Each structure stands twice: as structure tokens, then as C-alpha cells.
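Okay, upload24.pdb now, which holds PDB, C-alpha atoms:
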```pdb
ATOM      1  CA  GLY L   1       3.163  -0.261  63.060  1.00  0.00           C
ATOM      2  CA  ALA L   2       1.805   2.837  64.712  1.00  0.00           C
ATOM      3  CA  VAL L   3       0.949   5.885  62.628  1.00  0.00           C
ATOM      4  CA  VAL L   4       2.289   9.364  63.226  1.00  0.00           C
ATOM      5  CA  SER L   5       1.273  12.247  60.990  1.00  0.00           C
ATOM      6  CA  GLN L   6       2.788  15.669  60.461  1.00  0.00           C
ATOM      7  CA  HIS L   7       1.354  18.776  58.941  1.00  0.00           C
ATOM      8  CA  PRO L   8       2.306  20.551  56.791  1.00  0.00           C
ATOM      9  CA  SER L   9       4.605  18.320  54.765  1.00  0.00           C
ATOM     10  CA  ARG L  10       6.244  21.306  53.143  1.00  0.00           C
ATOM     11  CA  VAL L  11       6.212  25.004  53.915  1.00  0.00           C
ATOM     12  CA  ILE L  12       7.853  28.053  52.435  1.00  0.00           C
ATOM     13  CA  CYS L  13       7.829  31.264  54.432  1.00  0.00           C
ATOM     14  CA  LYS L  14       9.390  34.685  54.516  1.00  0.00           C
ATOM     15  CA  SER L  15      12.180  35.527  56.902  1.00  0.00           C
ATOM     16  CA  GLY L  16      10.829  36.865  60.196  1.00  0.00           C
ATOM     17  CA  THR L  17       7.565  34.975  60.163  1.00  0.00           C
ATOM     18  CA  SER L  18       6.580  32.096  62.446  1.00  0.00           C
ATOM     19  CA  VAL L  19       5.721  28.602  61.318  1.00  0.00           C
ATOM     20  CA  LYS L  20       3.783  25.989  63.249  1.00  0.00           C
ATOM     21  CA  ILE L  21       4.275  22.270  62.624  1.00  0.00           C
ATOM     22  CA  GLU L  22       1.836  19.727  64.002  1.00  0.00           C
ATOM     23  CA  CYS L  23       2.635  16.157  64.991  1.00  0.00           C
ATOM     24  CA  ARG L  24      -0.198  13.743  65.695  1.00  0.00           C
ATOM     25  CA  SER L  25      -0.287  10.158  66.876  1.00  0.00           C
ATOM     26  CA  LEU L  26      -3.248   8.704  64.995  1.00  0.00           C
ATOM     27  CA  ASP L  27      -3.858   5.348  66.604  1.00  0.00           C
ATOM     28  CA  PHE L  28      -2.214   5.593  69.999  1.00  0.00           C
ATOM     29  CA  GLN L  29      -1.664   8.042  72.816  1.00  0.00           C
ATOM     30  CA  ALA L  30       1.732   9.587  73.316  1.00  0.00           C
ATOM     31  CA  THR L  31       2.669  11.305  76.553  1.00  0.00           C
ATOM     32  CA  THR L  32       6.080  11.928  75.044  1.00  0.00           C
ATOM     33  CA  MET L  33       7.055  12.990  71.556  1.00  0.00           C
ATOM     34  CA  PHE L  34      10.418  13.921  70.134  1.00  0.00           C
ATOM     35  CA  TRP L  35      11.359  16.625  67.658  1.00  0.00           C
ATOM     36  CA  TYR L  36      14.352  16.250  65.352  1.00  0.00           C
ATOM     37  CA  ARG L  37      15.874  18.306  62.600  1.00  0.00           C
ATOM     38  CA  GLN L  38      17.992  17.021  59.784  1.00  0.00           C
ATOM     39  CA  PHE L  39      20.142  18.966  57.343  1.00  0.00           C
ATOM     40  CA  PRO L  40      20.835  17.521  53.883  1.00  0.00           C
ATOM     41  CA  LYS L  41      23.019  14.412  54.034  1.00  0.00           C
ATOM     42  CA  LYS L  42      23.442  14.807  57.786  1.00  0.00           C
ATOM     43  CA  SER L  43      22.255  12.730  60.695  1.00  0.00           C
ATOM     44  CA  LEU L  44      19.179  13.269  62.815  1.00  0.00           C
ATOM     45  CA  MET L  45      19.634  15.829  65.545  1.00  0.00           C
ATOM     46  CA  LEU L  46      17.339  15.636  68.542  1.00  0.00           C
ATOM     47  CA  MET L  47      16.024  19.102  69.349  1.00  0.00           C
ATOM     48  CA  ALA L  48      13.686  18.503  72.243  1.00  0.00           C
ATOM     49  CA  THR L  49      11.446  16.122  74.099  1.00  0.00           C
ATOM     50  CA  SER L  50       7.816  17.154  74.204  1.00  0.00           C
ATOM     51  CA  ASN L  51       5.958  16.166  77.368  1.00  0.00           C
ATOM     52  CA  GLU L  52       2.187  16.180  77.662  1.00  0.00           C
ATOM     53  CA  GLY L  53       1.094  18.473  80.463  1.00  0.00           C
ATOM     54  CA  SER L  54       4.539  19.871  81.230  1.00  0.00           C
ATOM     55  CA  LYS L  55       7.354  21.854  79.712  1.00  0.00           C
ATOM     56  CA  ALA L  56       9.435  20.479  76.915  1.00  0.00           C
ATOM     57  CA  THR L  57      13.013  19.420  77.541  1.00  0.00           C
ATOM     58  CA  TYR L  58      15.455  20.991  75.111  1.00  0.00           C
ATOM     59  CA  GLU L  59      18.789  19.609  74.040  1.00  0.00           C
ATOM     60  CA  GLN L  60      21.909  21.640  74.608  1.00  0.00           C
ATOM     61  CA  GLY L  61      22.286  24.424  72.090  1.00  0.00           C
ATOM     62  CA  VAL L  62      18.631  24.513  71.055  1.00  0.00           C
ATOM     63  CA  GLU L  63      16.958  27.855  71.772  1.00  0.00           C
ATOM     64  CA  LYS L  64      13.707  27.227  73.598  1.00  0.00           C
ATOM     65  CA  ASP L  65      12.397  30.705  72.823  1.00  0.00           C
ATOM     66  CA  LYS L  66      12.940  30.176  69.127  1.00  0.00           C
ATOM     67  CA  PHE L  67      11.556  26.664  68.918  1.00  0.00           C
ATOM     68  CA  LEU L  68       8.362  26.670  70.955  1.00  0.00           C
ATOM     69  CA  ILE L  69       6.913  23.282  71.775  1.00  0.00           C
ATOM     70  CA  ASN L  70       3.429  22.640  73.088  1.00  0.00           C
ATOM     71  CA  HIS L  71       2.100  19.176  73.871  1.00  0.00           C
ATOM     72  CA  ALA L  72      -1.557  20.058  73.983  1.00  0.00           C
ATOM     73  CA  SER L  73      -3.033  16.583  74.279  1.00  0.00           C
ATOM     74  CA  LEU L  74      -2.090  12.915  74.315  1.00  0.00           C
ATOM     75  CA  THR L  75      -2.156  12.869  70.514  1.00  0.00           C
ATOM     76  CA  LEU L  76      -0.833  16.289  69.506  1.00  0.00           C
ATOM     77  CA  SER L  77       2.455  18.128  69.832  1.00  0.00           C
ATOM     78  CA  THR L  78       3.306  21.313  67.975  1.00  0.00           C
ATOM     79  CA  LEU L  79       6.622  22.922  67.130  1.00  0.00           C
ATOM     80  CA  THR L  80       6.593  26.628  66.309  1.00  0.00           C
ATOM     81  CA  VAL L  81       9.637  28.120  64.677  1.00  0.00           C
ATOM     82  CA  THR L  82       9.479  31.771  65.667  1.00  0.00           C
ATOM     83  CA  SER L  83      10.999  34.612  63.643  1.00  0.00           C
ATOM     84  CA  ALA L  84      12.308  32.144  61.128  1.00  0.00           C
ATOM     85  CA  HIS L  85      15.531  32.841  59.274  1.00  0.00           C
ATOM     86  CA  PRO L  86      17.087  31.119  56.254  1.00  0.00           C
ATOM     87  CA  GLU L  87      19.390  29.110  58.522  1.00  0.00           C
ATOM     88  CA  ASP L  88      16.287  27.504  60.049  1.00  0.00           C
ATOM     89  CA  SER L  89      15.543  25.866  56.714  1.00  0.00           C
ATOM     90  CA  SER L  90      15.695  22.152  57.373  1.00  0.00           C
ATOM     91  CA  PHE L  91      13.765  18.893  57.523  1.00  0.00           C
ATOM     92  CA  TYR L  92      11.851  18.679  60.810  1.00  0.00           C
ATOM     93  CA  ILE L  93      10.691  15.260  61.964  1.00  0.00           C
ATOM     94  CA  CYS L  94       8.693  14.207  64.990  1.00  0.00           C
ATOM     95  CA  SER L  95       8.506  10.789  66.562  1.00  0.00           C
ATOM     96  CA  ALA L  96       6.520   9.116  69.308  1.00  0.00           C
ATOM     97  CA  PRO L  97       7.236   6.043  71.393  1.00  0.00           C
ATOM     98  CA  THR L  98       4.488   3.447  71.487  1.00  0.00           C
ATOM     99  CA  SER L  99       5.720   1.245  74.306  1.00  0.00           C
ATOM    100  CA  GLY L 100       8.107   1.155  77.185  1.00  0.00           C
ATOM    101  CA  ASP L 101      10.963  -0.369  75.229  1.00  0.00           C
ATOM    102  CA  GLY L 102      11.927   2.763  73.323  1.00  0.00           C
ATOM    103  CA  THR L 103      10.353   1.839  69.992  1.00  0.00           C
ATOM    104  CA  GLN L 104       9.624   5.048  68.120  1.00  0.00           C
ATOM    105  CA  TYR L 105       7.577   5.747  65.050  1.00  0.00           C
ATOM    106  CA  PHE L 106       8.367   8.744  62.948  1.00  0.00           C
ATOM    107  CA  GLY L 107       6.117  11.208  61.231  1.00  0.00           C
ATOM    108  CA  PRO L 108       6.728  11.824  57.515  1.00  0.00           C
ATOM    109  CA  GLY L 109       8.576  15.060  58.233  1.00  0.00           C
ATOM    110  CA  THR L 110       8.116  18.717  57.361  1.00  0.00           C
ATOM    111  CA  ARG L 111      10.437  20.435  54.949  1.00  0.00           C
ATOM    112  CA  LEU L 112      10.814  24.107  55.867  1.00  0.00           C
ATOM    113  CA  LEU L 113      12.286  26.656  53.506  1.00  0.00           C
ATOM    114  CA  VAL L 114      12.758  30.185  54.786  1.00  0.00           C
ATOM    115  CA  LEU L 115      13.349  32.789  52.109  1.00  0.00           C
TER     116      LEU L 115
ATOM    117  CA  GLN X   1      33.570   9.007  72.197  1.00  0.00           C
ATOM    118  CA  LYS X   2      30.295   8.966  70.304  1.00  0.00           C
ATOM    119  CA  GLU X   3      27.498   7.103  72.045  1.00  0.00           C
ATOM    120  CA  VAL X   4      26.439   5.163  68.950  1.00  0.00           C
ATOM    121  CA  GLU X   5      28.926   4.679  66.158  1.00  0.00           C
ATOM    122  CA  GLN X   6      28.412   3.573  62.599  1.00  0.00           C
ATOM    123  CA  ASN X   7      30.584   3.621  59.534  1.00  0.00           C
ATOM    124  CA  SER X   8      29.125   6.292  57.265  1.00  0.00           C
ATOM    125  CA  GLY X   9      29.891   4.326  54.114  1.00  0.00           C
ATOM    126  CA  PRO X  10      28.854   4.182  51.407  1.00  0.00           C
ATOM    127  CA  LEU X  11      28.744   0.423  51.541  1.00  0.00           C
ATOM    128  CA  SER X  12      28.357  -0.944  48.035  1.00  0.00           C
ATOM    129  CA  VAL X  13      27.176  -4.489  47.444  1.00  0.00           C
ATOM    130  CA  PRO X  14      26.031  -6.227  44.260  1.00  0.00           C
ATOM    131  CA  GLU X  15      22.407  -7.192  43.881  1.00  0.00           C
ATOM    132  CA  GLY X  16      21.723 -10.557  45.499  1.00  0.00           C
ATOM    133  CA  ALA X  17      24.618 -10.333  47.931  1.00  0.00           C
ATOM    134  CA  ILE X  18      24.505 -10.051  51.714  1.00  0.00           C
ATOM    135  CA  ALA X  19      24.889  -6.551  53.121  1.00  0.00           C
ATOM    136  CA  SER X  20      26.355  -6.340  56.620  1.00  0.00           C
ATOM    137  CA  LEU X  21      25.844  -3.167  58.629  1.00  0.00           C
ATOM    138  CA  ASN X  22      27.543  -2.668  61.965  1.00  0.00           C
ATOM    139  CA  CYS X  23      27.035  -0.496  65.009  1.00  0.00           C
ATOM    140  CA  THR X  24      28.752  -0.111  68.376  1.00  0.00           C
ATOM    141  CA  TYR X  25      27.437   1.666  71.446  1.00  0.00           C
ATOM    142  CA  SER X  26      29.028   2.960  74.619  1.00  0.00           C
ATOM    143  CA  ASP X  27      26.319   2.708  77.305  1.00  0.00           C
ATOM    144  CA  ARG X  28      26.387  -0.739  78.911  1.00  0.00           C
ATOM    145  CA  GLY X  29      22.991  -0.016  80.424  1.00  0.00           C
ATOM    146  CA  SER X  30      21.358   0.004  77.004  1.00  0.00           C
ATOM    147  CA  GLN X  31      18.429  -2.346  76.765  1.00  0.00           C
ATOM    148  CA  SER X  32      16.765  -1.833  73.411  1.00  0.00           C
ATOM    149  CA  PHE X  33      18.304  -1.698  69.974  1.00  0.00           C
ATOM    150  CA  PHE X  34      16.747  -0.672  66.708  1.00  0.00           C
ATOM    151  CA  TRP X  35      17.496  -0.473  63.039  1.00  0.00           C
ATOM    152  CA  TYR X  36      15.781   2.176  60.943  1.00  0.00           C
ATOM    153  CA  ARG X  37      15.905   2.693  57.202  1.00  0.00           C
ATOM    154  CA  GLN X  38      15.812   6.192  55.735  1.00  0.00           C
ATOM    155  CA  TYR X  39      15.378   6.847  52.058  1.00  0.00           C
ATOM    156  CA  SER X  40      16.666  10.143  50.744  1.00  0.00           C
ATOM    157  CA  GLY X  41      14.230  12.938  51.545  1.00  0.00           C
ATOM    158  CA  LYS X  42      12.046  10.726  53.730  1.00  0.00           C
ATOM    159  CA  SER X  43      11.757  10.126  57.456  1.00  0.00           C
ATOM    160  CA  PRO X  44      13.137   6.980  59.118  1.00  0.00           C
ATOM    161  CA  GLU X  45      11.075   3.814  59.189  1.00  0.00           C
ATOM    162  CA  LEU X  46      11.542   1.021  61.708  1.00  0.00           C
ATOM    163  CA  ILE X  47      12.945  -2.205  60.289  1.00  0.00           C
ATOM    164  CA  MET X  48      13.753  -4.259  63.353  1.00  0.00           C
ATOM    165  CA  SER X  49      14.158  -4.150  67.087  1.00  0.00           C
ATOM    166  CA  ILE X  50      16.222  -6.504  69.230  1.00  0.00           C
ATOM    167  CA  TYR X  51      16.498  -6.748  72.998  1.00  0.00           C
ATOM    168  CA  SER X  52      18.460  -9.879  73.899  1.00  0.00           C
ATOM    169  CA  ASN X  53      21.743 -11.383  72.794  1.00  0.00           C
ATOM    170  CA  GLY X  54      21.709 -13.456  69.658  1.00  0.00           C
ATOM    171  CA  ASP X  55      20.012 -13.256  66.299  1.00  0.00           C
ATOM    172  CA  LYS X  56      16.556 -12.117  65.325  1.00  0.00           C
ATOM    173  CA  GLU X  57      15.309 -12.789  61.831  1.00  0.00           C
ATOM    174  CA  ASP X  58      12.520 -11.098  59.910  1.00  0.00           C
ATOM    175  CA  GLY X  59      12.317 -11.983  56.251  1.00  0.00           C
ATOM    176  CA  ARG X  60      15.529 -10.954  54.544  1.00  0.00           C
ATOM    177  CA  PHE X  61      16.698  -9.039  57.600  1.00  0.00           C
ATOM    178  CA  THR X  62      18.635 -10.429  60.562  1.00  0.00           C
ATOM    179  CA  ALA X  63      19.619  -8.355  63.554  1.00  0.00           C
ATOM    180  CA  GLN X  64      22.443  -9.564  65.752  1.00  0.00           C
ATOM    181  CA  LEU X  65      23.177  -8.342  69.268  1.00  0.00           C
ATOM    182  CA  ASN X  66      26.218  -8.928  71.440  1.00  0.00           C
ATOM    183  CA  LYS X  67      25.915  -6.973  74.669  1.00  0.00           C
ATOM    184  CA  ALA X  68      29.288  -8.104  75.988  1.00  0.00           C
ATOM    185  CA  SER X  69      30.984  -6.555  72.977  1.00  0.00           C
ATOM    186  CA  GLN X  70      28.451  -3.691  72.806  1.00  0.00           C
ATOM    187  CA  TYR X  71      27.833  -4.485  69.205  1.00  0.00           C
ATOM    188  CA  VAL X  72      24.725  -4.756  67.074  1.00  0.00           C
ATOM    189  CA  SER X  73      24.541  -5.563  63.394  1.00  0.00           C
ATOM    190  CA  LEU X  74      22.029  -5.882  60.594  1.00  0.00           C
ATOM    191  CA  LEU X  75      22.344  -8.395  57.789  1.00  0.00           C
ATOM    192  CA  ILE X  76      20.325  -7.990  54.621  1.00  0.00           C
ATOM    193  CA  ARG X  77      20.184 -11.139  52.509  1.00  0.00           C
ATOM    194  CA  ASP X  78      19.518 -11.118  48.776  1.00  0.00           C
ATOM    195  CA  SER X  79      20.075  -7.375  48.646  1.00  0.00           C
ATOM    196  CA  GLN X  80      17.881  -5.501  46.191  1.00  0.00           C
ATOM    197  CA  PRO X  81      18.382  -2.069  44.604  1.00  0.00           C
ATOM    198  CA  SER X  82      15.338  -0.961  46.606  1.00  0.00           C
ATOM    199  CA  ASP X  83      17.352  -1.593  49.768  1.00  0.00           C
ATOM    200  CA  SER X  84      19.607   1.323  48.833  1.00  0.00           C
ATOM    201  CA  ALA X  85      19.138   3.791  51.681  1.00  0.00           C
ATOM    202  CA  THR X  86      20.761   5.034  54.848  1.00  0.00           C
ATOM    203  CA  TYR X  87      20.461   2.642  57.776  1.00  0.00           C
ATOM    204  CA  LEU X  88      20.328   4.136  61.245  1.00  0.00           C
ATOM    205  CA  CYS X  89      21.243   2.231  64.364  1.00  0.00           C
ATOM    206  CA  ALA X  90      19.443   3.406  67.502  1.00  0.00           C
ATOM    207  CA  VAL X  91      19.895   2.531  71.147  1.00  0.00           C
ATOM    208  CA  SER X  92      17.684   3.115  74.167  1.00  0.00           C
ATOM    209  CA  THR X  93      18.120   2.575  77.886  1.00  0.00           C
ATOM    210  CA  GLY X  94      14.474   1.625  78.033  1.00  0.00           C
ATOM    211  CA  GLY X  95      11.223   3.170  79.105  1.00  0.00           C
ATOM    212  CA  TYR X  96      10.139   6.308  77.344  1.00  0.00           C
ATOM    213  CA  GLN X  97      13.634   7.709  77.364  1.00  0.00           C
ATOM    214  CA  LYS X  98      15.032   9.273  74.244  1.00  0.00           C
ATOM    215  CA  VAL X  99      16.710   7.042  71.746  1.00  0.00           C
ATOM    216  CA  THR X 100      20.263   7.767  70.654  1.00  0.00           C
ATOM    217  CA  PHE X 101      20.867   7.450  66.930  1.00  0.00           C
ATOM    218  CA  GLY X 102      24.037   6.720  65.071  1.00  0.00           C
ATOM    219  CA  THR X 103      24.952   8.847  62.093  1.00  0.00           C
ATOM    220  CA  GLY X 104      23.856   6.116  59.692  1.00  0.00           C
ATOM    221  CA  THR X 105      25.460   3.945  57.050  1.00  0.00           C
ATOM    222  CA  LYS X 106      24.616   4.578  53.433  1.00  0.00           C
ATOM    223  CA  LEU X 107      24.024   1.353  51.535  1.00  0.00           C
ATOM    224  CA  GLN X 108      24.187   1.148  47.766  1.00  0.00           C
ATOM    225  CA  VAL X 109      22.991  -2.029  46.071  1.00  0.00           C
ATOM    226  CA  ILE X 110      24.397  -2.212  42.575  1.00  0.00           C
ATOM    227  CA  PRO X 111      22.146  -3.919  39.967  1.00  0.00           C
TER     228      PRO X 111
END
```
Encoded form using C-alpha cells:
Amino acid sequence: GAVVSQHPSRVICKSGTSVKIECRSLDFQATTMFWYRQFPKKSLMLMATSNEGSKATYEQGVEKDKFLINHASLTLSTLTVTSAHPEDSSFYICSAPTSGDGTQYFGPGTRLLVL
Amino acid sequence: QKEVEQNSGPLSVPEGAIASLNCTYSDRGSQSFFWYRQYSGKSPELIMSIYSNGDKEDGRFTAQLNKASQYVSLLIRDSQPSDSATYLCAVSTGGYQKVTFGTGTKLQVIP
């Protein structure tokens, strides 16, 4: 299957700082990528759809000014958690579709801990 | 009504048995159906995709789709302890549209 990477895999930061998470499609181009968050023992929650060359589409209830998304190229999308607070601590996962049938491949995820 | 519904489990089966995981969806326009496996602390990995009515087999896994009943299932034959994970059902209306995930069913295979 297709390969999607994420960096960093784990990050610990102080409250009030910003954290950038990178998502890369390594062997294919992705005009669209998706960002999810997952709390312990809970289901995936779609946060936003990242679109190359245009603004991201955010799901209801997700603050676009807090979770900044930039799809800089056909292989890179970034999620920046601004002014992070302890409640932002979560597992953040990106995915990218490889074909027109909806098949998505997930990155390995980034575990964020805000102290 | 949730768009994609799964029983949260846990579903416990003995090693070597058949595990049957079920999923229903609400959008009749759905075209693509997926099963993902997620181990604790890891991201989901694609197991199977199915697009037309009937069965699709891949090794020990069989996906079944019934669009009339809006039902998709995953059978795991000869279940192994390493199959213990949460299984996510996902549905797409096609294209590069977002995929809707169910909440997942936790499977426990007892040695």
C-alpha cells in the first residue's frame, strides 16, 4: 500500500506554545489530506480536510484559528496547534486518499502532550 | 441516526474460531466500503475494501456487502491472538470525498 509519514511521532510542549505536525505522502501525490484526532479509547474524529492550493475545510466545532492547516505541496500538509493547552493533548493522525474510490492510507500518528 | 454504526464490543472469540464483525450505514449513495484495523496506540491500517455486493476474500479475511440492506461485514477465519484490535468500518460516497468511520468494534481473541 501507499506510504504516509508523520513527524514528529511524539511531542511534549508547554502550555501556550505552538506545535507543528507534518504529514507527507512518500510515494504518491495527494491533493487532499485529512486530519483526525483521537482521544484514548475513543473513535477517530475528523478535524479538517486539507486541500492543496486552497483553504482547508474544517468540521463543525473545530476552531480554524487554533488548528492551522497548510497544504504546501502535493506531498505535504501541516497542522499547527496554536497556543496549545492541556485539553489539546491527543493522538493526531493524518490520512491521504490514493485513488478515486475513497481508499485512504494513514500516517503513523503524532502523540501530543501539553503540560 | 449515526451514519456508520458498529457494535463497540468487546467481541471475544477463542483462538481458531471465526470472528464476525458487522457494520450498517445510512447513506444509500455510498459506493466504497472499507475495513481498517487499529491496534492500541497505533494508527489504522487498511485490511480490505469492497465495492460491489457479495463476498470478497483475502487470506483469512472475507468482506461481505449487501447494499440493499445497507450492511457490510468482516469475517476473520482461524482467529489469532494477534488479530486482537479495534476494527473500524468506513464508508465513502466515492471520489476524493471524506470517508465516514464507525466507532469501531474491539475484538479479543482468547488463546
Each residue of segment 46-77 of chain L with at least one atom at most 10 Å from segment 17-23 of chain L should appear once, together with its nearest atom pair and the corresponding distance in Å (one decimal); atoms considered: all atoms listed in the file; ordering: chain, then increasing residue number; output as a tab-separated table.
```
residue	atom	partner	partner_atom	distance
L:Lys66	CA	L:Ser18	CA	9.4
L:Phe67	CA	L:Lys20	CA	9.6
L:Leu68	CA	L:Lys20	CA	9.0
L:Ile69	CA	L:Lys20	CA	9.5
L:Asn70	CA	L:Glu22	CA	9.7
L:His71	CA	L:Cys23	CA	9.4
L:Thr75	CA	L:Cys23	CA	8.0
L:Leu76	CA	L:Cys23	CA	5.7
L:Ser77	CA	L:Cys23	CA	5.2
```
Selection export as an mmCIF file, keeping the file's coordinate frame, atoms kept: C-alpha atoms:
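Output saved as out_14.cif:
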```cif
data_model
loop_
_atom_site.group_PDB
_atom_site.id
_atom_site.type_symbol
_atom_site.label_atom_id
_atom_site.label_comp_id
_atom_site.auth_asym_id
_atom_site.auth_seq_id
_atom_site.Cartn_x
_atom_site.Cartn_y
_atom_site.Cartn_z
ATOM 1 C CA LYS L 66 12.940 30.176 69.127
ATOM 2 C CA PHE L 67 11.556 26.664 68.918
ATOM 3 C CA LEU L 68 8.362 26.670 70.955
ATOM 4 C CA ILE L 69 6.913 23.282 71.775
ATOM 5 C CA ASN L 70 3.429 22.640 73.088
ATOM 6 C CA HIS L 71 2.100 19.176 73.871
ATOM 7 C CA THR L 75 -2.156 12.869 70.514
ATOM 8 C CA LEU L 76 -0.833 16.289 69.506
ATOM 9 C CA SER L 77 2.455 18.128 69.832
#
```
Residue list for chain X near chain L as a list in words, 8 Å, only C-alpha atoms: Gln31, Ser32, Phe34, Lys42, Ser43, Pro44, Glu45, Leu46, Ser49, Ser92, Thr93, Gly94, Gly95, Tyr96, Gln97, Lys98, Val99, Phe101, Gly102, Thr103 and Gly104 of chain X
- Item | Selection result for the PyMOL selection byres ((chain X and resi 56) around 12) on this file, as number ranges by chain | X: 33-35, 47-55, 57-66, 72-75
*Please evaluate the PyMOL selection byres ((chain X and resi 77) around 8) against the displayed coordinates and give the resulting residues as an MDAnalysis selection string.*
chainID X and resid 16:19 60:61 75:76 78:79
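Coordinates place atom CA of Val81 of chain L at a distance of 17.1 Å from atom CA of Gln60 of chain L.
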TODO: Please evaluate the PyMOL selection byres ((chain L and resi 89) around 8) against the displayed coordinates and give the resulting residues as a list in words.
DONE: His85, Pro86, Glu87, Asp88, Ser90, Phe91, Arg111, Leu112, Leu113 and Val114 of chain L
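Take atom CA of Tyr71 of chain X and atom CA of Asp83 of chain X: the distance between them is 22.3 Å.
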Across L:Gly53, L:Val62, L:Leu74, L:Met47, the smallest distance to Ser25 of chain L, with all atoms listed in the file counted, is shown by L:Leu74
From the list L:Arg24, L:Arg10, L:Lys55, L:Lys64, the nearest residue to Gly41 of chain X using all atoms listed in the file is L:Arg10
